[in-house]
Amino acid sequence: MNSDKPDVLFARPLYSYPLDEVAGFCEAHKLWEAEDTNALLGAIAPTCRAAVTRAVFPNDWMDLLPNLGIIAVCGVGYEGVDVEAARQRGIVVTNTPDVLTEEVADYGVALMLAVARRLAMGDRYVRDGRWPREGAMKYGQRVHGSRLGILGLGRIGLAVARRCEAFGMEIGYHNRNRRKDVEYTYFEDLVALARWAEYFIIVTPGGKGTRNLVDAAVIDAIGPQGVLVNIGRGQTVEDTALISALSEGRLGAAGLDVFSDEPNVPEQLIRMTDNVVLQPHQASATHDTRRAMSQLCMDNVRAFLEGSDPLTTVY
């Protein structure tokens with residue numbers, strides 16, 4: 001505000017990236033430290049050209065920053081930003097694709113294995129002293145040679161598929177359109193994919209187009225022996241249908257890294273310790289990846305402020 005450097009609003013801290021590293025090219029304003037959010041937004045409104053968020057950037061913040069030129073999302077998902085509203089205001093929106101693809105794919109396969117082979121349950125079984133008292137615990141399920149259905153064969157979905165090929169898994173997928181660069185089985189109908197798959201992994205991005213896409217019909221098609229894994233977005237799965245199917249045995253098991261109202265998780269899921277593995281949205285959470293996400297985010301901001309095209313523009 002009183003500096004020759006351009007003002008940049010940070011809605012939350014960047015991952016593994018101290019903000020003193022941006023001091024050379026911008027003046028950082030930390031919204032999470034402000035006692036009065038609107039007062040800070042009003043104070044920087046005339047000069048704020050860039051904003052950084054890890055998730056949400058409400059439309060009323062755009063209204064309060066009339067000279068905003070870019071919203072840089074530190075993450076691959078950008079459903080927390082109204083892209084059309086930004087477009088109408090002439091605001092560029094960027095995200096951070098690619099840098100997290102491999103880590104999220106690793107995590108998705110790990111979560112699938114944890115559910116199938118009951119790793120979290122086994123840990124509790126030992127810690128609770130049940131092994132000496134009760135002997136062998138309940139068996140898990142075979143992964144090698146089974147059928148994997150992928151909802152969303154984009155960058156991450158393809159990386160998951162390539163890993164699962166090493167397990168000898170047969171791969172099927174559902175996208176809006178068939179991919180011409182892969183030989184995996186394409187299912188135009190999502191319920192048909194769910195009925196075919198023994199493991200069903202959700203990798204699709206969020207947004208209005210995928211909200212409750214995995215509904216009761218899809219979940220019932222996965223079936224009582226099937227496993228659902230979600231590393232995409234919590235809103236893609238209809239919560240009530242998922243909880244009902246798990247509690248009634250119509251769905252075999254689930255591994256969930258994302259939730260529709262995170263960090264709040266339905267109490268019914270928390271109580272399901274025998275067939276559900278829960279994680280706190282950590283799929284991209286390695287030091288290297290989070291640092292790379294933050295670096296790409298700031299590279300987008302710096303390019304814009306210096307008059308160049310951002311590297312990874314959504315709009």
# chains A, B, ... in the order shown; residues from 1 in each chain; ligands from 1

$ select_by_dssp --residues "range 44-289 of chain A" --states "helix (DSSP H, G or I)" --output "PyMOL selection string"
chain A and resi 44+59-64+83-88+101-116+119-127+130-134+155-165+190-196+208-210+216-222+234-236+239-248+267-271+287-289

$ closest_atom_pairs --of "range 134-235 of chain A" --to "range 250-272 of chain A" --cutoff "10 Å" --atoms "only C-alpha atoms" --output "JSON lines"
{"residue": "A:Glu198", "atom": "CA", "partner": "A:Gly252", "partner_atom": "CA", "distance": 9.9}
{"residue": "A:Tyr199", "atom": "CA", "partner": "A:Ala254", "partner_atom": "CA", "distance": 9.6}
{"residue": "A:Phe200", "atom": "CA", "partner": "A:Ala254", "partner_atom": "CA", "distance": 9.4}
{"residue": "A:Ile201", "atom": "CA", "partner": "A:Gly255", "partner_atom": "CA", "distance": 9.1}
{"residue": "A:Ile202", "atom": "CA", "partner": "A:Leu256", "partner_atom": "CA", "distance": 9.7}
{"residue": "A:Arg211", "atom": "CA", "partner": "A:Ser260", "partner_atom": "CA", "distance": 9.5}
{"residue": "A:Asn212", "atom": "CA", "partner": "A:Ser260", "partner_atom": "CA", "distance": 9.8}
{"residue": "A:Ile219", "atom": "CA", "partner": "A:Leu251", "partner_atom": "CA", "distance": 6.8}
{"residue": "A:Asp220", "atom": "CA", "partner": "A:Arg250", "partner_atom": "CA", "distance": 6.2}
{"residue": "A:Ala221", "atom": "CA", "partner": "A:Leu251", "partner_atom": "CA", "distance": 8.6}
{"residue": "A:Ile222", "atom": "CA", "partner": "A:Leu251", "partner_atom": "CA", "distance": 6.6}
{"residue": "A:Gly223", "atom": "CA", "partner": "A:Leu251", "partner_atom": "CA", "distance": 4.9}
{"residue": "A:Pro224", "atom": "CA", "partner": "A:Leu251", "partner_atom": "CA", "distance": 4.2}
{"residue": "A:Gln225", "atom": "CA", "partner": "A:Gly252", "partner_atom": "CA", "distance": 4.7}
{"residue": "A:Gly226", "atom": "CA", "partner": "A:Gly252", "partner_atom": "CA", "distance": 5.0}
{"residue": "A:Val227", "atom": "CA", "partner": "A:Ala253", "partner_atom": "CA", "distance": 4.8}
{"residue": "A:Leu228", "atom": "CA", "partner": "A:Ala254", "partner_atom": "CA", "distance": 4.7}
{"residue": "A:Val229", "atom": "CA", "partner": "A:Gly255", "partner_atom": "CA", "distance": 4.6}
{"residue": "A:Asn230", "atom": "CA", "partner": "A:Leu256", "partner_atom": "CA", "distance": 5.0}
{"residue": "A:Ile231", "atom": "CA", "partner": "A:Asp257", "partner_atom": "CA", "distance": 5.4}
{"residue": "A:Gly232", "atom": "CA", "partner": "A:Val258", "partner_atom": "CA", "distance": 6.9}
{"residue": "A:Arg233", "atom": "CA", "partner": "A:Val258", "partner_atom": "CA", "distance": 5.6}
{"residue": "A:Gly234", "atom": "CA", "partner": "A:Phe259", "partner_atom": "CA", "distance": 3.8}
{"residue": "A:Gln235", "atom": "CA", "partner": "A:Ser260", "partner_atom": "CA", "distance": 4.6}

$ write_last_selection --atoms "N, CA and C atoms" --output "compact mmCIF listing (two decimals), in the first residue's frame"
# COMPACT_ATOMS: atom_id res chain seq x y z
N GLU A 198 -14.22 -54.11 -9.80
CA GLU A 198 -14.07 -54.60 -8.42
C GLU A 198 -13.54 -53.49 -7.52
N TYR A 199 -12.73 -52.62 -8.10
CA TYR A 199 -12.25 -51.42 -7.43
C TYR A 199 -12.65 -50.21 -8.28
N PHE A 200 -13.19 -49.21 -7.63
CA PHE A 200 -13.73 -48.03 -8.33
C PHE A 200 -13.08 -46.80 -7.71
N ILE A 201 -12.26 -46.11 -8.48
CA ILE A 201 -11.51 -44.97 -7.94
C ILE A 201 -11.96 -43.69 -8.63
N ILE A 202 -12.23 -42.67 -7.83
CA ILE A 202 -12.72 -41.39 -8.33
C ILE A 202 -11.56 -40.40 -8.39
N ARG A 211 -20.99 -32.81 -9.34
CA ARG A 211 -21.61 -32.89 -8.00
C ARG A 211 -22.61 -34.05 -7.95
N ASN A 212 -22.44 -34.93 -6.96
CA ASN A 212 -23.31 -36.10 -6.76
C ASN A 212 -23.37 -37.01 -7.98
N ILE A 219 -23.27 -46.39 -6.66
CA ILE A 219 -22.74 -47.06 -5.47
C ILE A 219 -23.30 -48.48 -5.35
N ASP A 220 -24.58 -48.64 -5.60
CA ASP A 220 -25.17 -49.98 -5.54
C ASP A 220 -24.58 -50.89 -6.62
N ALA A 221 -24.21 -50.30 -7.76
CA ALA A 221 -23.61 -51.09 -8.83
C ALA A 221 -22.22 -51.59 -8.46
N ILE A 222 -21.49 -50.83 -7.67
CA ILE A 222 -20.17 -51.28 -7.20
C ILE A 222 -20.33 -52.54 -6.37
N GLY A 223 -21.33 -52.55 -5.51
CA GLY A 223 -21.76 -53.78 -4.86
C GLY A 223 -21.11 -54.13 -3.54
N PRO A 224 -21.61 -55.17 -2.90
CA PRO A 224 -21.17 -55.55 -1.55
C PRO A 224 -19.76 -56.10 -1.47
N GLN A 225 -19.18 -56.48 -2.60
CA GLN A 225 -17.78 -56.92 -2.61
C GLN A 225 -16.86 -55.85 -3.17
N GLY A 226 -17.41 -54.73 -3.60
CA GLY A 226 -16.63 -53.71 -4.26
C GLY A 226 -16.01 -52.70 -3.30
N VAL A 227 -15.00 -52.01 -3.80
CA VAL A 227 -14.29 -50.99 -3.02
C VAL A 227 -14.35 -49.67 -3.77
N LEU A 228 -14.77 -48.63 -3.08
CA LEU A 228 -14.78 -47.27 -3.63
C LEU A 228 -13.65 -46.47 -3.00
N VAL A 229 -12.86 -45.80 -3.84
CA VAL A 229 -11.77 -44.94 -3.37
C VAL A 229 -11.98 -43.55 -3.98
N ASN A 230 -11.92 -42.52 -3.15
CA ASN A 230 -12.11 -41.16 -3.65
C ASN A 230 -10.91 -40.29 -3.32
N ILE A 231 -10.16 -39.90 -4.36
CA ILE A 231 -9.07 -38.94 -4.22
C ILE A 231 -9.34 -37.71 -5.09
N GLY A 232 -10.59 -37.59 -5.56
CA GLY A 232 -10.97 -36.46 -6.40
C GLY A 232 -11.53 -35.31 -5.58
N ARG A 233 -12.86 -35.26 -5.48
CA ARG A 233 -13.54 -34.25 -4.69
C ARG A 233 -14.69 -34.90 -3.94
N GLY A 234 -14.88 -34.48 -2.69
CA GLY A 234 -15.92 -35.07 -1.87
C GLY A 234 -17.31 -34.86 -2.43
N GLN A 235 -17.54 -33.71 -3.08
CA GLN A 235 -18.86 -33.40 -3.60
C GLN A 235 -19.29 -34.30 -4.74

$ closest_atom_pairs --of "range 178-222 of chain A" --to "range 140-152 of chain A" --cutoff "12 Å" --atoms "only C-alpha atoms" --output "CSV"
residue,atom,partner,partner_atom,distance
A:Arg178,CA,A:Gly152,CA,10.7
A:Arg179,CA,A:Gly152,CA,10.8
A:Tyr184,CA,A:Gly149,CA,10.0
A:Thr185,CA,A:Gly149,CA,9.2
A:Tyr186,CA,A:Gly149,CA,9.6
A:Phe187,CA,A:Gly149,CA,9.2
A:Glu188,CA,A:Leu151,CA,10.9
A:Asp189,CA,A:Leu151,CA,10.9
A:Leu190,CA,A:Leu151,CA,8.0
A:Val191,CA,A:Gly149,CA,10.7
A:Ala192,CA,A:Gly149,CA,9.9
A:Leu193,CA,A:Gly149,CA,6.2
A:Ala194,CA,A:Gly149,CA,6.7
A:Arg195,CA,A:Gly149,CA,9.3
A:Trp196,CA,A:Arg147,CA,7.5
A:Ala197,CA,A:Gly149,CA,5.0
A:Glu198,CA,A:Arg147,CA,5.2
A:Tyr199,CA,A:Leu148,CA,4.8
A:Phe200,CA,A:Gly149,CA,4.7
A:Ile201,CA,A:Ile150,CA,5.1
A:Ile202,CA,A:Leu151,CA,4.9
A:Val203,CA,A:Gly152,CA,5.2
A:Thr204,CA,A:Gly152,CA,4.4
A:Pro205,CA,A:Gly152,CA,7.8
A:Gly206,CA,A:Gly152,CA,10.8
A:Thr210,CA,A:Gly152,CA,10.3
A:Leu213,CA,A:Leu151,CA,9.9
A:Val214,CA,A:Leu151,CA,9.4
A:Val218,CA,A:Leu151,CA,11.2
A:Ala221,CA,A:Gly149,CA,11.8
A:Ile222,CA,A:Gly149,CA,9.7

$ residues_around --residues "Ile71 in chain A" --least-positions-apart "2" --cutoff "8 Å" --atoms "only C-alpha atoms" --output "ChimeraX atom specification"
/A:50-53,68-69,73,91-94

$ closest_residue --among "A:Met137, A:Ile44, A:Val314, A:Cys74" --to "Met121 in chain A" --atoms "only C-alpha atoms"
A:Met137

$ residues_around --residues "Asp7 in chain A" --least-positions-apart "5" --cutoff "6 Å" --atoms "only C-alpha atoms" --output "number ranges by chain"
A: 26-27, 48

$ select_by_dssp --residues "range 74-234 of chain A" --states "strand (DSSP E or B)" --output "PyMOL selection string"
chain A and resi 81+92-94+147-151+170-174+185-186+199-202+214+227-230

$ write_last_selection --atoms "C-alpha atoms" --output "tab-separated table (two decimals), in the first residue's frame"
chain	number	residue	atom	x	y	z
A	81	VAL	CA	-13.42	-19.80	-7.72
A	92	VAL	CA	-7.25	-14.40	-15.11
A	93	VAL	CA	-7.52	-17.63	-13.09
A	94	THR	CA	-4.60	-20.05	-12.83
A	147	ARG	CA	-10.71	-55.04	-12.38
A	148	LEU	CA	-10.20	-51.31	-11.76
A	149	GLY	CA	-12.75	-48.71	-12.84
A	150	ILE	CA	-11.48	-45.12	-13.02
A	151	LEU	CA	-13.84	-42.18	-13.02
A	170	GLU	CA	-7.66	-54.80	-16.00
A	171	ILE	CA	-8.46	-51.10	-16.51
A	172	GLY	CA	-11.77	-49.54	-17.45
A	173	TYR	CA	-12.73	-45.88	-17.31
A	174	HIS	CA	-15.49	-43.32	-17.72
A	185	THR	CA	-11.90	-50.24	-21.89
A	186	TYR	CA	-14.16	-47.21	-22.19
A	199	TYR	CA	-12.25	-51.42	-7.43
A	200	PHE	CA	-13.73	-48.03	-8.33
A	201	ILE	CA	-11.51	-44.97	-7.94
A	202	ILE	CA	-12.72	-41.39	-8.33
A	214	VAL	CA	-21.60	-40.97	-7.89
A	227	VAL	CA	-14.29	-50.99	-3.02
A	228	LEU	CA	-14.78	-47.27	-3.63
A	229	VAL	CA	-11.77	-44.94	-3.37
A	230	ASN	CA	-12.11	-41.16	-3.65

$ residues_around --residues "range 287-302 of chain A" --least-positions-apart "2" --cutoff "10 Å" --atoms "only C-alpha atoms" --output "MDAnalysis selection string"
chainID A and resid 8 13:18 21:22 25:26 49:54 69:76 93:104 284:285 304:313

$ write_last_selection --atoms "C-alpha atoms" --output "PDB file, in the first residue's frame"
ATOM      1  CA  VAL A   8      -0.699  -9.154  -3.655  1.00  0.00           C
ATOM      2  CA  PRO A  13      -0.265 -19.287   3.743  1.00  0.00           C
ATOM      3  CA  LEU A  14       1.392 -21.034   0.837  1.00  0.00           C
ATOM      4  CA  TYR A  15       2.494 -24.633   1.271  1.00  0.00           C
ATOM      5  CA  SER A  16       6.175 -24.989   2.240  1.00  0.00           C
ATOM      6  CA  TYR A  17       6.904 -21.506   0.935  1.00  0.00           C
ATOM      7  CA  PRO A  18       7.789 -18.673   3.347  1.00  0.00           C
ATOM      8  CA  GLU A  21      10.606 -15.204  -0.568  1.00  0.00           C
ATOM      9  CA  VAL A  22       8.172 -13.008  -2.514  1.00  0.00           C
ATOM     10  CA  PHE A  25       8.770  -8.520  -6.351  1.00  0.00           C
ATOM     11  CA  CYS A  26       5.577  -7.829  -4.393  1.00  0.00           C
ATOM     12  CA  ARG A  49      -3.560  -6.659  -8.871  1.00  0.00           C
ATOM     13  CA  ALA A  50      -3.103 -10.267  -7.755  1.00  0.00           C
ATOM     14  CA  ALA A  51      -4.568 -12.707  -5.242  1.00  0.00           C
ATOM     15  CA  VAL A  52      -3.434 -16.160  -4.143  1.00  0.00           C
ATOM     16  CA  THR A  53      -5.687 -18.812  -2.639  1.00  0.00           C
ATOM     17  CA  ARG A  54      -5.395 -22.479  -1.758  1.00  0.00           C
ATOM     18  CA  GLY A  69      -6.148  -9.024 -12.530  1.00  0.00           C
ATOM     19  CA  ILE A  70      -5.299 -12.581 -11.490  1.00  0.00           C
ATOM     20  CA  ILE A  71      -6.485 -15.186  -8.993  1.00  0.00           C
ATOM     21  CA  ALA A  72      -3.771 -17.824  -8.612  1.00  0.00           C
ATOM     22  CA  VAL A  73      -5.029 -21.078  -7.105  1.00  0.00           C
ATOM     23  CA  CYS A  74      -2.371 -23.156  -5.363  1.00  0.00           C
ATOM     24  CA  GLY A  75      -3.827 -26.522  -6.324  1.00  0.00           C
ATOM     25  CA  VAL A  76      -5.156 -28.341  -9.349  1.00  0.00           C
ATOM     26  CA  VAL A  93      -7.518 -17.634 -13.094  1.00  0.00           C
ATOM     27  CA  THR A  94      -4.600 -20.051 -12.834  1.00  0.00           C
ATOM     28  CA  ASN A  95      -3.978 -23.369 -11.070  1.00  0.00           C
ATOM     29  CA  THR A  96      -1.040 -25.736 -10.529  1.00  0.00           C
ATOM     30  CA  PRO A  97      -1.492 -28.882 -12.630  1.00  0.00           C
ATOM     31  CA  ASP A  98       1.103 -31.584 -13.370  1.00  0.00           C
ATOM     32  CA  VAL A  99       3.415 -30.935 -10.412  1.00  0.00           C
ATOM     33  CA  LEU A 100       1.225 -33.071  -8.136  1.00  0.00           C
ATOM     34  CA  THR A 101       0.188 -35.802 -10.588  1.00  0.00           C
ATOM     35  CA  GLU A 102       2.605 -38.531  -9.536  1.00  0.00           C
ATOM     36  CA  GLU A 103       2.212 -38.021  -5.794  1.00  0.00           C
ATOM     37  CA  VAL A 104      -1.585 -38.094  -5.978  1.00  0.00           C
ATOM     38  CA  SER A 284      -0.486 -34.273  -2.699  1.00  0.00           C
ATOM     39  CA  ALA A 285       1.097 -33.723   0.703  1.00  0.00           C
ATOM     40  CA  PHE A 304       1.318 -11.638 -14.727  1.00  0.00           C
ATOM     41  CA  LEU A 305       2.749  -8.760 -12.699  1.00  0.00           C
ATOM     42  CA  GLU A 306       5.667  -8.481 -15.111  1.00  0.00           C
ATOM     43  CA  GLY A 307       3.361  -8.313 -18.115  1.00  0.00           C
ATOM     44  CA  SER A 308       3.843 -11.868 -19.382  1.00  0.00           C
ATOM     45  CA  ASP A 309       1.303 -14.652 -19.852  1.00  0.00           C
ATOM     46  CA  PRO A 310       0.870 -16.859 -16.771  1.00  0.00           C
ATOM     47  CA  LEU A 311       2.132 -20.407 -17.226  1.00  0.00           C
ATOM     48  CA  THR A 312      -0.966 -22.443 -16.366  1.00  0.00           C
ATOM     49  CA  THR A 313      -4.111 -20.478 -17.102  1.00  0.00           C
TER      50      THR A 313
END

$ atom_distance --atom1 "CA of Asp215 in chain A" --atom2 "CA of Ile243 in chain A"
11.2 Å

$ closest_residue --among "A:Leu41, A:Leu113, A:Leu65, A:Ala120" --to "Leu278 in chain A" --atoms "only C-alpha atoms"
A:Ala120

$ atom_distance --atom1 "CA of Tyr107 in chain A" --atom2 "CA of Ser244 in chain A"
26.0 Å

$ closest_residue --among "A:Leu111, A:Ser247, A:Asp123, A:Asp60" --to "Ala283 in chain A" --atoms "only C-alpha atoms"
A:Leu111

$ decode --residues "range 116-236 of chain A" --atoms "C-alpha atoms" --output "short mmCIF file (atom, residue, chain, number, x, y, z; two decimals), in the first residue's frame"
data_model
loop_
_atom_site.label_atom_id
_atom_site.label_comp_id
_atom_site.auth_asym_id
_atom_site.auth_seq_id
_atom_site.Cartn_x
_atom_site.Cartn_y
_atom_site.Cartn_z
CA ALA A 116 -8.21 -53.94 0.20
CA ARG A 117 -5.59 -55.45 2.50
CA ARG A 118 -7.09 -53.88 5.65
CA LEU A 119 -3.87 -52.13 6.69
CA ALA A 120 -5.43 -49.53 8.98
CA MET A 121 -7.63 -52.19 10.55
CA GLY A 122 -4.61 -54.44 11.09
CA ASP A 123 -2.72 -51.64 12.82
CA ARG A 124 -5.60 -51.13 15.26
CA TYR A 125 -5.94 -54.89 15.73
CA VAL A 126 -2.34 -55.13 16.94
CA ARG A 127 -2.41 -51.94 19.05
CA ASP A 128 -5.66 -52.95 20.77
CA GLY A 129 -4.11 -56.27 21.85
CA ARG A 130 -6.61 -58.33 19.89
CA TRP A 131 -4.05 -60.47 18.04
CA PRO A 132 -3.01 -62.59 21.09
CA ARG A 133 -6.61 -62.87 22.26
CA GLU A 134 -8.43 -63.49 18.97
CA GLY A 135 -5.82 -64.83 16.57
CA ALA A 136 -5.97 -64.01 12.87
CA MET A 137 -8.07 -60.99 11.89
CA LYS A 138 -10.60 -60.81 9.09
CA TYR A 139 -9.12 -61.39 5.64
CA GLY A 140 -8.68 -58.71 3.00
CA GLN A 141 -9.27 -58.78 -0.75
CA ARG A 142 -7.07 -59.62 -3.71
CA VAL A 143 -5.82 -56.71 -5.80
CA HIS A 144 -3.57 -58.39 -8.38
CA GLY A 145 -5.45 -59.38 -11.50
CA SER A 146 -8.68 -57.65 -10.50
CA ARG A 147 -10.71 -55.04 -12.38
CA LEU A 148 -10.20 -51.31 -11.76
CA GLY A 149 -12.75 -48.71 -12.84
CA ILE A 150 -11.48 -45.12 -13.02
CA LEU A 151 -13.84 -42.18 -13.02
CA GLY A 152 -11.82 -39.43 -14.67
CA LEU A 153 -8.94 -40.55 -16.88
CA GLY A 154 -7.07 -37.25 -16.93
CA ARG A 155 -3.47 -36.70 -15.89
CA ILE A 156 -3.88 -38.27 -12.45
CA GLY A 157 -6.29 -40.98 -13.57
CA LEU A 158 -3.85 -42.07 -16.28
CA ALA A 159 -0.99 -42.14 -13.75
CA VAL A 160 -3.13 -44.35 -11.48
CA ALA A 161 -3.91 -46.67 -14.38
CA ARG A 162 -0.25 -47.09 -15.31
CA ARG A 163 0.64 -48.03 -11.74
CA CYS A 164 -2.20 -50.51 -11.53
CA GLU A 165 -1.13 -52.18 -14.76
CA ALA A 166 1.91 -53.34 -12.77
CA PHE A 167 -0.52 -55.22 -10.52
CA GLY A 168 -1.92 -57.00 -13.55
CA MET A 169 -5.22 -55.15 -13.15
CA GLU A 170 -7.66 -54.80 -16.00
CA ILE A 171 -8.46 -51.10 -16.51
CA GLY A 172 -11.77 -49.54 -17.45
CA TYR A 173 -12.73 -45.88 -17.31
CA HIS A 174 -15.49 -43.32 -17.72
CA ASN A 175 -14.88 -39.82 -19.11
CA ARG A 176 -17.06 -37.32 -20.89
CA ASN A 177 -15.35 -38.62 -24.04
CA ARG A 178 -13.34 -41.68 -25.04
CA ARG A 179 -9.57 -41.19 -25.09
CA LYS A 180 -7.92 -42.16 -28.37
CA ASP A 181 -4.44 -42.50 -26.85
CA VAL A 182 -5.17 -45.46 -24.54
CA GLU A 183 -6.36 -49.02 -24.99
CA TYR A 184 -8.23 -49.27 -21.69
CA THR A 185 -11.90 -50.24 -21.89
CA TYR A 186 -14.16 -47.21 -22.19
CA PHE A 187 -17.58 -47.21 -20.53
CA GLU A 188 -19.95 -44.54 -21.79
CA ASP A 189 -22.33 -45.44 -18.96
CA LEU A 190 -21.03 -44.83 -15.44
CA VAL A 191 -23.28 -47.42 -13.81
CA ALA A 192 -22.00 -50.03 -16.25
CA LEU A 193 -18.41 -49.21 -15.26
CA ALA A 194 -19.31 -49.47 -11.56
CA ARG A 195 -21.00 -52.83 -12.12
CA TRP A 196 -17.94 -54.16 -13.99
CA ALA A 197 -15.29 -52.89 -11.57
CA GLU A 198 -14.07 -54.60 -8.42
CA TYR A 199 -12.25 -51.42 -7.43
CA PHE A 200 -13.73 -48.03 -8.33
CA ILE A 201 -11.51 -44.97 -7.94
CA ILE A 202 -12.72 -41.39 -8.33
CA VAL A 203 -10.19 -38.97 -9.78
CA THR A 204 -12.52 -36.52 -11.50
CA PRO A 205 -12.29 -32.79 -10.68
CA GLY A 206 -14.97 -30.98 -8.72
CA GLY A 207 -17.53 -28.45 -9.87
CA LYS A 208 -21.21 -28.35 -10.75
CA GLY A 209 -20.81 -30.90 -13.53
CA THR A 210 -19.62 -33.66 -11.19
CA ARG A 211 -21.61 -32.89 -8.00
CA ASN A 212 -23.31 -36.10 -6.76
CA LEU A 213 -22.26 -37.85 -9.96
CA VAL A 214 -21.60 -40.97 -7.89
CA ASP A 215 -25.12 -41.45 -6.59
CA ALA A 216 -27.06 -44.38 -5.12
CA ALA A 217 -27.32 -46.14 -8.47
CA VAL A 218 -23.56 -46.04 -9.04
CA ILE A 219 -22.74 -47.06 -5.47
CA ASP A 220 -25.17 -49.98 -5.54
CA ALA A 221 -23.61 -51.09 -8.83
CA ILE A 222 -20.17 -51.28 -7.20
CA GLY A 223 -21.76 -53.78 -4.86
CA PRO A 224 -21.17 -55.55 -1.55
CA GLN A 225 -17.78 -56.92 -2.61
CA GLY A 226 -16.63 -53.71 -4.26
CA VAL A 227 -14.29 -50.99 -3.02
CA LEU A 228 -14.78 -47.27 -3.63
CA VAL A 229 -11.77 -44.94 -3.37
CA ASN A 230 -12.11 -41.16 -3.65
CA ILE A 231 -9.07 -38.94 -4.22
CA GLY A 232 -10.97 -36.46 -6.40
CA ARG A 233 -13.54 -34.25 -4.69
CA GLY A 234 -15.92 -35.07 -1.87
CA GLN A 235 -18.86 -33.40 -3.60
CA THR A 236 -18.69 -35.96 -6.40
#
